[in-house]
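Novice: Sharing input.cif (mmCIF, C-alpha atoms) below.
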```cif
data_coords
loop_
_atom_site.label_atom_id
_atom_site.label_comp_id
_atom_site.auth_asym_id
_atom_site.auth_seq_id
_atom_site.Cartn_x
_atom_site.Cartn_y
_atom_site.Cartn_z
CA MET X 1 12.80 -35.46 -3.38
CA ALA X 2 14.93 -36.79 -6.23
CA THR X 3 17.38 -34.35 -7.78
CA LEU X 4 18.26 -33.81 -11.43
CA THR X 5 21.48 -35.77 -10.94
CA ASN X 6 20.05 -38.98 -9.52
CA ILE X 7 17.03 -38.94 -11.80
CA GLY X 8 19.39 -38.74 -14.76
CA SER X 9 21.65 -41.54 -13.50
CA ARG X 10 18.77 -43.95 -13.01
CA GLY X 11 16.80 -43.13 -16.11
CA CYS X 12 19.62 -42.90 -18.70
CA ARG X 13 22.74 -44.76 -19.75
CA ARG X 14 25.51 -43.93 -22.18
CA GLY X 15 25.49 -45.43 -25.61
CA ALA X 16 22.57 -46.57 -27.73
CA PRO X 17 19.70 -48.54 -26.23
CA ARG X 18 20.11 -52.30 -26.47
CA GLY X 19 19.14 -53.67 -29.87
CA ARG X 20 19.40 -50.26 -31.56
CA PRO X 21 22.36 -49.26 -33.76
CA ARG X 22 24.37 -46.18 -32.79
CA PRO X 23 23.72 -43.39 -35.27
CA GLY X 24 26.54 -42.55 -37.59
CA PRO X 25 27.78 -39.05 -38.37
CA GLN X 26 25.28 -38.68 -41.19
CA GLN X 27 22.45 -39.50 -38.78
CA GLY X 28 23.36 -36.94 -36.15
CA GLY X 29 23.83 -37.89 -32.54
CA HIS X 30 26.20 -36.48 -29.91
CA LYS X 31 29.19 -38.52 -28.87
CA GLY X 32 29.55 -38.96 -25.11
CA ARG X 33 26.03 -37.73 -24.19
CA PRO X 34 23.34 -39.97 -22.72
CA TYR X 35 21.36 -41.12 -25.73
CA GLY X 36 17.60 -40.68 -25.50
CA CYS X 37 17.62 -38.80 -22.17
CA ASN X 38 16.29 -35.37 -23.19
CA ALA X 39 12.75 -36.27 -22.13
CA HIS X 40 13.97 -37.51 -18.74
CA ILE X 41 16.01 -34.35 -18.13
CA LEU X 42 13.13 -32.09 -19.13
CA ALA X 43 10.71 -33.96 -16.89
CA ALA X 44 13.14 -33.76 -13.98
CA LEU X 45 13.63 -30.04 -14.51
CA VAL X 46 9.88 -29.39 -14.48
CA LEU X 47 9.45 -31.53 -11.36
CA THR X 48 12.22 -29.66 -9.56
CA LEU X 49 10.80 -26.26 -10.42
CA VAL X 50 7.31 -27.20 -9.32
CA ALA X 51 8.39 -28.92 -6.12
CA GLY X 52 10.99 -26.54 -4.86
CA GLY X 53 12.48 -24.12 -7.33
CA VAL X 54 9.68 -21.57 -7.36
CA ARG X 55 9.49 -21.55 -3.59
CA ALA X 56 13.26 -21.08 -3.33
CA GLN X 57 13.15 -18.12 -5.68
CA GLN X 58 10.41 -16.31 -3.75
CA GLN X 59 12.08 -14.22 -1.07
CA PRO X 60 10.78 -11.09 0.69
CA ASN X 61 13.39 -9.01 -1.14
CA ASP X 62 12.01 -10.24 -4.48
CA ARG X 63 8.62 -8.66 -3.87
CA PRO X 64 6.93 -6.89 -6.79
CA ALA X 65 6.87 -3.12 -6.66
CA ARG X 66 3.77 -1.35 -5.35
CA ALA X 67 2.68 2.15 -6.25
CA GLU X 68 2.10 4.39 -3.23
CA VAL X 69 0.65 7.83 -2.62
CA TRP X 70 4.16 9.33 -2.72
CA ASP X 71 4.42 8.31 -6.39
CA LEU X 72 1.76 10.88 -7.24
CA LYS X 73 3.52 14.14 -8.04
CA LEU X 74 1.70 17.46 -7.89
CA GLY X 75 1.45 19.17 -11.27
CA THR X 76 1.03 15.89 -13.18
CA PRO X 77 -1.92 15.63 -15.62
CA ALA X 78 -4.47 12.95 -14.76
CA ASP X 79 -3.68 10.89 -17.87
CA ARG X 80 0.00 10.63 -16.87
CA LEU X 81 -0.47 9.44 -13.30
CA PRO X 82 0.31 5.80 -12.39
CA ALA X 83 -2.73 3.60 -12.97
CA ASP X 84 -1.59 1.03 -10.40
CA PHE X 85 -4.23 1.74 -7.77
CA THR X 86 -7.76 0.41 -7.34
CA ASP X 87 -11.33 1.21 -6.23
CA TYR X 88 -11.34 4.73 -7.69
CA ALA X 89 -14.37 6.78 -6.63
CA CYS X 90 -15.40 10.33 -5.90
CA GLY X 91 -14.07 11.35 -2.50
CA THR X 92 -16.02 12.79 0.40
CA ASN X 93 -13.54 15.16 2.05
CA GLY X 94 -11.41 12.32 3.33
CA GLY X 95 -14.35 10.07 4.17
CA PRO X 96 -15.75 6.90 2.53
CA PRO X 97 -15.97 6.62 -1.28
CA SER X 98 -19.09 7.67 -3.15
CA VAL X 99 -19.60 7.46 -6.96
CA PRO X 100 -17.38 4.69 -8.47
CA LEU X 101 -14.94 5.75 -11.19
CA ASN X 102 -12.88 3.89 -13.77
CA GLY X 103 -9.73 5.88 -13.08
CA TRP X 104 -8.12 9.28 -12.72
CA ARG X 105 -9.56 10.57 -16.00
CA ASP X 106 -13.10 10.39 -14.60
CA PHE X 107 -12.36 13.14 -12.06
CA ARG X 108 -14.86 15.50 -13.70
CA ARG X 109 -17.69 13.24 -12.54
CA CYS X 110 -16.92 14.40 -8.99
CA ARG X 111 -18.35 17.64 -7.63
CA ALA X 112 -15.89 20.48 -7.12
CA ASP X 113 -15.26 21.54 -3.52
CA ALA X 114 -15.05 25.07 -2.13
CA GLU X 115 -11.52 25.41 -3.51
CA GLY X 116 -12.63 24.34 -6.98
CA LEU X 117 -10.87 20.97 -6.76
CA ARG X 118 -12.38 17.56 -7.50
CA GLU X 119 -11.51 14.75 -5.10
CA VAL X 120 -10.82 11.18 -6.28
CA TYR X 121 -10.67 8.45 -3.64
CA PHE X 122 -8.36 5.47 -4.28
CA ARG X 123 -6.84 2.46 -2.54
CA TYR X 124 -3.63 0.48 -2.87
CA ASP X 125 -3.79 -2.60 -5.05
CA ASP X 126 -3.93 -5.80 -2.94
CA GLU X 127 -1.55 -7.79 -5.20
CA LEU X 128 1.30 -7.57 -2.70
CA GLU X 129 -0.90 -8.68 0.16
CA TYR X 130 -1.90 -11.86 -1.69
CA TRP X 131 1.69 -12.41 -2.83
CA ALA X 132 2.83 -12.28 0.81
CA LYS X 133 0.04 -14.64 1.92
CA ALA X 134 0.88 -17.10 -0.87
CA ASN X 135 4.49 -17.21 0.31
CA ASN X 136 3.64 -17.11 4.03
CA PHE X 137 5.74 -14.01 4.68
CA ALA X 138 4.27 -12.90 8.01
CA THR X 139 5.99 -9.51 8.17
CA GLU X 140 5.00 -8.64 4.61
CA ILE X 141 1.41 -9.79 5.17
CA GLU X 142 1.06 -7.28 7.98
CA LYS X 143 2.88 -4.56 6.05
CA TYR X 144 0.91 -4.85 2.81
CA SER X 145 -2.57 -5.55 4.14
CA GLY X 146 -4.91 -2.67 3.45
CA THR X 147 -4.05 0.89 2.50
CA LYS X 148 -1.52 2.34 4.91
CA VAL X 149 0.99 5.16 5.27
CA TYR X 150 3.83 4.48 7.71
CA ASP X 151 1.82 1.44 8.84
CA PHE X 152 -1.20 3.60 9.78
CA PRO X 153 -4.51 2.74 8.04
CA VAL X 154 -5.57 5.75 5.97
CA VAL X 155 -8.11 7.10 3.51
CA LEU X 156 -6.36 8.48 0.42
CA SER X 157 -7.56 10.90 -2.21
CA ALA X 158 -6.15 12.98 -5.05
CA ARG X 159 -7.52 16.41 -5.93
CA PHE X 160 -7.65 17.78 -9.46
CA ASP X 161 -8.10 21.27 -10.82
CA GLU X 162 -10.38 22.06 -13.77
CA GLY X 163 -7.52 21.46 -16.21
CA GLY X 164 -7.09 17.88 -15.00
CA VAL X 165 -3.81 18.55 -13.22
CA LEU X 166 -3.08 16.98 -9.83
CA ALA X 167 -3.32 19.91 -7.43
CA GLY X 168 -3.49 18.17 -4.06
CA LEU X 169 -3.20 14.99 -2.01
CA ARG X 170 -5.21 14.16 1.09
CA ILE X 171 -4.31 11.55 3.73
CA VAL X 172 -6.71 10.96 6.62
CA SER X 173 -6.35 8.32 9.33
CA ASP X 174 -9.00 5.62 8.87
CA PRO X 175 -11.01 4.86 12.03
CA ARG X 176 -12.75 1.92 10.35
CA ASP X 177 -9.63 -0.23 9.94
CA PRO X 178 -9.12 -2.44 13.03
CA SER X 179 -5.59 -3.56 12.07
CA ARG X 180 -4.05 -0.96 14.40
CA ASP X 181 -5.18 0.48 17.72
CA ARG X 182 -7.35 3.47 16.88
CA ASP X 183 -6.04 5.57 19.76
CA GLU X 184 -2.65 5.66 17.99
CA ALA X 185 -3.99 7.30 14.83
CA TYR X 186 -2.96 10.82 15.84
CA LEU X 187 0.69 9.67 16.01
CA LEU X 188 0.78 9.60 12.20
CA ARG X 189 1.44 13.32 12.53
CA ASN X 190 4.97 12.65 13.78
CA PHE X 191 5.93 10.65 10.70
CA LEU X 192 4.48 13.21 8.30
CA THR X 193 6.23 16.15 9.93
CA ALA X 194 9.48 14.19 9.85
CA ARG X 195 9.02 13.54 6.14
CA TYR X 196 8.81 17.24 5.38
CA GLY X 197 11.23 18.45 8.07
CA ARG X 198 10.57 19.03 11.76
CA ASP X 199 11.33 22.74 11.61
CA GLY X 200 9.40 25.57 10.01
CA TRP X 201 5.86 24.49 10.87
CA ASP X 202 3.46 27.24 11.90
CA CYS X 203 1.20 25.56 14.47
CA VAL X 204 -1.88 26.77 16.29
CA ASP X 205 -3.48 25.02 19.26
CA LEU X 206 -7.24 25.25 18.81
CA ALA X 207 -9.59 25.88 21.70
CA ALA X 208 -11.72 23.02 22.98
CA ALA X 209 -15.32 23.14 21.84
CA GLU X 210 -18.15 22.65 24.29
CA GLY X 211 -17.99 19.21 25.87
CA GLU X 212 -14.51 18.33 24.53
CA THR X 213 -12.25 16.89 27.25
CA PRO X 214 -8.79 15.27 27.46
CA VAL X 215 -8.12 11.57 27.05
CA GLY X 216 -6.50 10.94 30.41
CA ARG X 217 -4.28 14.00 30.68
CA THR X 218 -3.83 14.50 26.95
CA PHE X 219 -5.73 17.00 24.85
CA ILE X 220 -4.52 17.69 21.31
CA LYS X 221 -6.40 19.86 18.87
CA GLN X 222 -3.81 21.43 16.63
CA ARG X 223 -3.46 22.73 13.10
CA CYS X 224 -0.03 23.15 11.47
CA ARG X 225 1.04 24.64 8.15
CA LYS X 226 4.31 24.79 6.25
CA ILE X 227 5.37 26.20 2.90
CA LEU X 228 7.79 23.61 1.55
CA GLU X 229 11.12 25.12 0.63
CA GLY X 230 12.14 24.70 -2.99
CA THR X 231 8.63 23.75 -4.10
CA THR X 232 5.32 25.38 -4.92
CA ALA X 233 3.43 23.29 -2.36
CA VAL X 234 1.90 23.86 1.05
CA ALA X 235 1.62 21.10 3.67
CA GLU X 236 -1.08 21.19 6.35
CA ILE X 237 -1.72 18.79 9.23
CA GLU X 238 -4.61 18.76 11.66
CA THR X 239 -4.30 16.52 14.71
CA HIS X 240 -7.00 15.52 17.21
CA PHE X 241 -6.82 13.48 20.39
CA PHE X 242 -9.64 14.19 22.83
CA ARG X 243 -13.11 13.09 23.90
CA LYS X 244 -16.04 14.74 22.20
CA LYS X 245 -19.20 15.81 23.94
CA GLY X 246 -21.03 12.74 25.27
CA GLN X 247 -17.92 10.53 25.24
CA ASN X 248 -16.66 9.27 28.59
CA GLN X 249 -13.89 7.13 29.99
CA PHE X 250 -16.39 5.30 32.21
CA ASP X 251 -19.94 4.27 31.42
CA PRO X 252 -22.27 6.46 33.56
CA GLN X 253 -24.62 3.54 34.19
CA SER X 254 -22.29 0.61 34.86
CA GLY X 255 -19.11 2.42 35.85
CA ARG X 256 -17.12 0.17 33.52
CA THR X 257 -14.35 1.49 31.30
CA THR X 258 -15.65 2.36 27.83
CA GLU X 259 -14.03 1.43 24.55
CA GLY X 260 -13.51 3.73 21.58
CA GLN X 261 -15.08 6.82 23.11
CA PHE X 262 -12.53 9.35 21.87
CA GLU X 263 -11.35 11.00 18.66
CA SER X 264 -7.85 10.20 17.45
CA LEU X 265 -7.14 11.65 14.03
CA ALA X 266 -4.42 12.91 11.72
CA ARG X 267 -5.44 14.77 8.59
CA PHE X 268 -2.77 15.75 6.09
CA GLU X 269 -3.10 17.81 2.92
CA LEU X 270 -0.43 18.64 0.38
CA THR X 271 -1.65 21.33 -2.00
CA ARG X 272 -0.11 23.03 -4.98
CA ALA X 273 0.26 26.73 -4.23
CA LYS X 274 -1.74 29.03 -6.49
#
```
Let's see the structure in the file written out as structure tokens.

Specialist:
Amino acid sequence: MATLTNIGSRGCRRGAPRGRPRPGPQQGGHKGRPYGCNAHILAALVLTLVAGGVRAQQQPNDRPARAEVWDLKLGTPADRLPADFTDYACGTNGGPPSVPLNGWRDFRRCRADAEGLREVYFRYDDELEYWAKANNFATEIEKYSGTKVYDFPVVLSARFDEGGVLAGLRIVSDPRDPSRDRDEAYLLRNFLTARYGRDGWDCVDLAAAEGETPVGRTFIKQRCRKILEGTTAVAEIETHFFRKKGQNQFDPQSGRTTEGQFESLARFELTRAK
């Protein structure tokens, strides 16, 4: 590819073009500059930017910012929350979206739950994913594809009180997203407890229900709670890793190893204390 320098040296020469008088002081002109080369320089600059300059400027560290669930602060009115998310809808207790919404302010269209809070489902905007794909940044493509927390696919929702104030956040591992092995979903618990401090959690191991059995030698059915020091919030995590009734490691008919017959789940709620 030609550079600005060699384009300029071939397309311009000093002095006036042959057969044309040099302009005098009253006519303007710039002594010592290539006469009549502005168009060539501008064209070369555009060509360079298009061919290589834009690509050179795009680096992983130059990525645009992306709003995440941690940017949503409890106690913030709905009309002051970041509007940088997408696919707003009424939530279903951490499940799939239901009634579509235009944004946070539509929270009253969602039915209040037993705690009197209205759940709004949302997803991360996919701008960063397409930015990474356009620049062929493999690591960033994996990182920014889908809605994830600590690289675990999740279902996100915000919960509002009757006054329109953000009173809770809900993060539930998403079993529908195939971008990560589903049996790892329960491990999200470790990252969330680390975020809010390993110590001080009040945990209870729940009894297995009828038909619930370990996955291999592992059975986890636990609920933990922590009042966050220095805040007015309570964090709760429920973790599951077991086989439910009717789920088996081996198919009873064929004897072959089954796939996906287990429950692996992490469910996190951060709620403003009343």

Novice: From the list X:Arg109, X:Lys226, X:Arg256, X:Arg267, which residue is nearest X:Tyr186 when using only C-alpha atoms?

Specialist: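 Closest residue, counting only C-alpha atoms: X:Arg267.
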
Novice: Check what the PyMOL selection byres ((chain X and resi 167) around 12) selects in the file above and give those residues as a PyMOL selection string.

Specialist: chain X and resi 72-78+115-120+157-166+168-170+232-234+269-274

Novice: Which protein, DNA or RNA residues are at most 9 Å from (-17.3, 10.3, -7.5) in the file's coordinates when you count all atoms listed in the file, listed as JSON, numbers by chain?

Specialist: {"X": [88, 89, 90, 91, 92, 97, 98, 99, 100, 101, 106, 107, 108, 109, 110, 111, 118, 119, 120, 121]}

Novice: Here's a test: counting only C-alpha atoms, identify every protein, DNA and RNA residue with an atom at most 9 Å from (-10.0, 10.8, 20.7) in the file's coordinate frame, and state them as an NGL selection string.

Specialist: :X and (182-183 or 186 or 214-215 or 219-220 or 240-244 or 260-265)

Novice: Suppose a student applies the PyMOL selection byres ((chain X and resi 195-206) around 10) to this structure; what residues should they get, written as a list in words?

Specialist: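 Listing what the PyMOL selection byres ((chain X and resi 195-206) around 10) selects in the shown file: Arg189, Asn190, Phe191, Leu192, Thr193, Ala194, Ala207, Ala208, Ala209, Ile220, Lys221, Gln222, Arg223, Cys224, Arg225, Lys226, Ile227, Leu228, Glu229, Ala235, Glu236, Ile237, Glu238, Thr239 and His240 of chain X.
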
Novice: Which value, in Å to one decimal, gives the distance between atom CA of X:Ala138 and atom CA of X:Asp177?

Specialist: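 Taking atom CA of X:Ala138 as the start and atom CA of X:Asp177 as the end point, the length is 18.9 Å.
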
Novice: What does the distance from atom CA of X:Val172 to atom CA of X:Arg123 come to in Å, to one decimal?

Specialist: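 These atoms are spaced 12.5 Å apart.
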
Novice: Do you have the atom CA of X:Lys143-atom CA of X:Pro96 distance handy?

Specialist: 22.2 Å
